[in-house]
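To start, the structure under review is shown below, and the notes come after it.
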Amino acid sequence: MMTDWYQKSMNALALNGKAGRTQEAYSRALRMLCEFHGGKSPEEISEAELETYFLHRRNVDHWSANTLRICYCGIRFYFVKVLQRDWNLFNFLRAKSESRLPAVLSREEVRALLACVRTPHNRAYLSTVYACGLRLQEALYLEVSDIDSDRMMIHVHRGKGAKDRFVPLPRATLETLRQHWRSHRHPQLLFPAYGRDSRSAASATTPMAISSVQGALRSAKSQAGITKRAVSVHTLRHSYATHLLEAGVNLRVIQQNLGHTSLETTMVYLHLTSKGQEEALARINELMDDL
């Protein structure tokens, strides 16, 4: 049964424009706080109890910085925005940033991975994620009307931060999407939930399940013999950006394609390739040869 405070949290997050997964993560953080304190509602939890909870998660449970950040943000949002608790604790609450580099597949590994995806609809989906540098949910919710074959662009709606953008649509990907759409002919969704067959997909009301595409990727990774750790659907997006950079595409263009607000976010891909360094060394040698 959904509690009153949980519904308040979801409503406030929705009104604030937070994405669905952020709403769930923030409200989950609030639920875990209440469970820790024996089922108290947030209104009953004091600042001292809140401090005890955060210290326990950091020093006893040893939560990672990213997990702590979600915990802090979710709880802070509810206490400050909904309960209007202007506690001093929220003024110095910080989680140390992690600077881990993401996993990236080579071009050969991407092609080997996609070749091992057995179901055509999952292969079409994962191919599109890579070829267009899309996030998992952005690709799942693509609609037929988002494909602009005249301009060879995809209109990505409701990206991270509720931002729209256009991304280049490769010719091969357009053909893949056309073939895939003919298999279900859904009037709206490009990747509808399949169920038992394509006939049920034609009338589906939701896109394919996240667990379905994640499972297909894990299975293909194993069959392709890829041993790199932390490979996920998002790895295809990282690989797209890295391969564009290696091909000489301007970093600003990559930033626009990915929908990054800050160029600094895109610059992480400079650490994932050595090609730029190799080319720079070659140019330096040419310039200094006559010294």
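In the structure tokens, the first chain shown is A, the next is B, and so on; residue numbers restart at 1 for each chain, and ligands run from 1 in the order shown.
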
I need the residues of region 107-281 of chain A that end up classed as helix (DSSP H, G or I) by DSSP on the backbone, written out as a ChimeraX atom specification. /A:107-115,120-132,136-140,144-146,171-182,198-201,210-223,233-246,251-258,263-272,275-281

Show me, as number ranges by chain, the residues that have an atom within 12 Å of region 67-83 of chain A when counting only C-alpha atoms, minus same-chain residues fewer than 3 positions from it. A: 5-13, 15-16, 18, 21-34, 41-47, 50-51, 53-59, 61-64, 86-98

Using DSSP on the backbone coordinates, identify all residues within region 70-236 of chain A classified as strand (DSSP E); present the result as a ChimeraX atom specification. /A:147-148,153-156,165-168

Taking N, CA, C and O atoms for each residue, export the selection above as a compact mmCIF listing (two decimals), in the first residue's frame.
```txt
# COMPACT_ATOMS: atom_id res chain seq x y z
N ILE A 147 11.42 9.78 -36.84
CA ILE A 147 12.38 9.48 -37.90
C ILE A 147 12.16 10.45 -39.07
O ILE A 147 11.10 10.44 -39.71
N ASP A 148 13.16 11.26 -39.34
CA ASP A 148 13.11 12.21 -40.45
C ASP A 148 14.04 11.69 -41.55
O ASP A 148 15.23 11.98 -41.57
N MET A 153 17.77 12.39 -39.94
CA MET A 153 17.95 12.74 -38.54
C MET A 153 16.89 12.01 -37.71
O MET A 153 15.82 11.67 -38.20
N ILE A 154 17.21 11.80 -36.43
CA ILE A 154 16.24 11.30 -35.45
C ILE A 154 15.98 12.41 -34.44
O ILE A 154 16.91 13.02 -33.92
N HIS A 155 14.72 12.67 -34.19
CA HIS A 155 14.33 13.65 -33.18
C HIS A 155 14.18 12.93 -31.86
O HIS A 155 13.26 12.14 -31.67
N VAL A 156 15.11 13.17 -30.95
CA VAL A 156 15.08 12.54 -29.63
C VAL A 156 14.29 13.43 -28.69
O VAL A 156 14.68 14.56 -28.43
N ARG A 165 16.67 16.86 -28.83
CA ARG A 165 17.81 17.08 -29.71
C ARG A 165 17.61 16.26 -30.99
O ARG A 165 16.78 15.35 -31.04
N PHE A 166 18.38 16.61 -32.02
CA PHE A 166 18.41 15.84 -33.25
C PHE A 166 19.76 15.14 -33.35
O PHE A 166 20.80 15.74 -33.04
N VAL A 167 19.73 13.88 -33.77
CA VAL A 167 20.99 13.14 -33.96
C VAL A 167 21.01 12.59 -35.38
O VAL A 167 19.97 12.24 -35.95
N PRO A 168 22.20 12.49 -35.98
CA PRO A 168 22.31 11.95 -37.34
C PRO A 168 21.83 10.50 -37.42
O PRO A 168 22.10 9.70 -36.51
```

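The environment of Thr266 (chain A) within 9 Å, counting only C-alpha atoms and disregarding residues fewer than 5 places along the same chain, consists of Ala241, Leu251, Arg252, Ile254, Gln255, Leu258 and His260 of chain A.
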
Closest contacts (region 202-270 of chain A/region 101-104 of chain A, max 7 Å, only C-alpha atoms) as CSV:
```
residue,atom,partner,partner_atom,distance
A:Ala230,CA,A:Ala103,CA,6.4
A:Val231,CA,A:Ala103,CA,6.3
A:Thr235,CA,A:Val104,CA,5.9
A:His238,CA,A:Val104,CA,6.0
A:Ser239,CA,A:Val104,CA,5.0
```

When you draw a straight line from CA of Leu236 (chain A) to CA of Glu143 (chain A), how long is it in Å? 20.5 Å

Could you check the closest approach to Ser219 (chain A) for each of A:Leu113, A:Ala65, A:Val129, A:Ala14 and tell me which residue wins, using only C-alpha atoms?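 Of all the options, A:Leu113 lies closest to Ser219 (chain A).
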
Rounded to one decimal, what separation in Å do you get between CA of Tyr269 (chain A) and CA of Tyr130 (chain A)? 15.3 Å

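The protein and nucleic acid residues lying at most 7 Å from Ala204 (chain A) are Pro192, Ala193, Ser200 and Ala201 of chain A, with only C-alpha atoms considered and sequence neighbours fewer than 3 positions away removed.
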
Export of prior selection with all heavy atoms as a PDB file, in the first residue's frame:
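See again-v5.pdb below for the written result:
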```pdb
ATOM      1  N   PRO A 192       7.910  -1.618 -29.876  1.00  0.00           N
ATOM      2  CA  PRO A 192       6.837  -2.013 -28.956  1.00  0.00           C
ATOM      3  C   PRO A 192       7.170  -3.330 -28.249  1.00  0.00           C
ATOM      4  O   PRO A 192       8.000  -4.113 -28.727  1.00  0.00           O
ATOM      5  CB  PRO A 192       5.639  -2.198 -29.897  1.00  0.00           C
ATOM      6  CG  PRO A 192       6.258  -2.595 -31.198  1.00  0.00           C
ATOM      7  CD  PRO A 192       7.538  -1.813 -31.288  1.00  0.00           C
ATOM      8  N   ALA A 193       6.519  -3.557 -27.114  1.00  0.00           N
ATOM      9  CA  ALA A 193       6.681  -4.824 -26.398  1.00  0.00           C
ATOM     10  C   ALA A 193       6.176  -5.956 -27.293  1.00  0.00           C
ATOM     11  O   ALA A 193       5.074  -5.875 -27.836  1.00  0.00           O
ATOM     12  CB  ALA A 193       5.907  -4.774 -25.090  1.00  0.00           C
ATOM     13  N   SER A 200       0.953  -9.368 -31.484  1.00  0.00           N
ATOM     14  CA  SER A 200       0.647  -8.673 -30.234  1.00  0.00           C
ATOM     15  C   SER A 200       1.422  -7.370 -30.131  1.00  0.00           C
ATOM     16  O   SER A 200       0.969  -6.415 -29.504  1.00  0.00           O
ATOM     17  CB  SER A 200       0.974  -9.568 -29.028  1.00  0.00           C
ATOM     18  OG  SER A 200       2.349  -9.882 -28.987  1.00  0.00           O
ATOM     19  N   ALA A 201       2.604  -7.305 -30.776  1.00  0.00           N
ATOM     20  CA  ALA A 201       3.408  -6.079 -30.755  1.00  0.00           C
ATOM     21  C   ALA A 201       2.693  -4.939 -31.462  1.00  0.00           C
ATOM     22  O   ALA A 201       2.845  -3.773 -31.089  1.00  0.00           O
ATOM     23  CB  ALA A 201       4.765  -6.328 -31.409  1.00  0.00           C
TER      24      ALA A 201
END
```

CA of Arg171 (chain A) to CA of Thr261 (chain A), distance in Å rounded to a single decimal: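 So the two atoms, CA of Arg171 (chain A) and CA of Thr261 (chain A), lie 27.3 Å apart.
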
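Nearest residue to Pro187 (chain A) among A:Thr119, A:Lys40, A:Val144, A:Val233 is A:Val144, counting only C-alpha atoms.
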
Of the listed residues A:Ile210, A:Leu126, A:Leu245, A:Ala202, that which approaches Ser183 (chain A) most closely, counting only C-alpha atoms: A:Ala202

Counting only C-alpha atoms, the option among A:Leu217, A:Asp289, A:His186, A:His243 closest to Ser203 (chain A): A:His186

From the set A:Val268, A:Leu134, A:Leu263, A:Ala220, which residue has the shortest atom-to-atom contact distance to Cys116 (chain A), counting only C-alpha atoms? A:Ala220
